[in-house]
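Peer 1: Could you have a look at this structure, given as structure tokens, before my questions?
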Amino acid sequence: LLRLGILETGAPPKDVDQFGDYPAMFRALFGQDAYDYATFDIQAGELPDSTDACAAYLITGSSAGGSVSSPSRYESGTFRKATVWSSAI
């Protein structure tokens, strides 16, 4: 199975919490057995060891919004740039 990394950047808004966290929503959408899922909690500082750790990455939304400044925004931005760069080679 293709290894799909889910970069969880935050929790969903409270009014949709009956659907679970963002990784659970995407697993339900794509199918529990469709991919070999690996979830990384960006707010807790979890990032894959390398851009090659997964074949593809999905970056979730966050109820905090895109204007919130935090170290995790910088780290995930750096990881995104590395992922785009390595996949372009």
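Going by the structure tokens order, chains are called A, B, ..., each with residues numbered from 1, while ligands are numbered from 1 in the order shown.
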Would you kindly return, as a JSON list (two decimals) with N, CA, C and O atoms, in the first residue's frame, each protein, DNA or RNA residue with an atom no farther than 7 Å from any atom of stretch 11-27 of chain A, considering only C-alpha atoms and excluding same-chain residues fewer than 5 positions away?

Peer 2:
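Heads up, here's the output in result.json:
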```
[["chain", "number", "residue", "atom", "x", "y", "z"],
["A", 6, "ILE", "N", -0.18, 12.14, 6.95],
["A", 6, "ILE", "CA", -1.15, 13.19, 7.26],
["A", 6, "ILE", "C", -0.49, 14.12, 8.26],
["A", 6, "ILE", "O", -0.17, 13.73, 9.38],
["A", 32, "GLN", "N", -10.45, 3.26, 5.17],
["A", 32, "GLN", "CA", -9.50, 2.85, 6.21],
["A", 32, "GLN", "C", -8.35, 2.01, 5.66],
["A", 32, "GLN", "O", -7.23, 2.08, 6.15],
["A", 39, "THR", "N", 0.34, 9.46, 10.72],
["A", 39, "THR", "CA", -0.12, 10.77, 11.17],
["A", 39, "THR", "C", 0.98, 11.46, 11.97],
["A", 39, "THR", "O", 1.62, 10.83, 12.81],
["A", 60, "THR", "N", -3.47, 19.01, 6.76],
["A", 60, "THR", "CA", -4.84, 19.33, 7.18],
["A", 60, "THR", "C", -5.00, 20.83, 7.41],
["A", 60, "THR", "O", -4.02, 21.57, 7.48],
["A", 62, "SER", "N", -6.71, 23.91, 9.93],
["A", 62, "SER", "CA", -6.69, 24.16, 11.36],
["A", 62, "SER", "C", -7.75, 25.18, 11.69],
["A", 62, "SER", "O", -7.91, 26.16, 10.96],
["A", 63, "SER", "N", -8.46, 24.98, 12.78],
["A", 63, "SER", "CA", -9.48, 25.96, 13.17],
["A", 63, "SER", "C", -8.82, 27.25, 13.66],
["A", 63, "SER", "O", -9.48, 28.27, 13.79]]
```

Peer 1: Determine, counting only C-alpha atoms, which protein, DNA and RNA residues have an atom within 8 Å of an atom of A:Leu47; residues of the same chain fewer than 5 positions away are not included. Present the result as a VMD selection string.

Peer 2: chain A and resid 7 40 to 42 76

Peer 1: Provide the atom CA of A:Pro48 to atom CA of A:Thr9 distance in Å, to one decimal place.

Peer 2: 13.6 Å
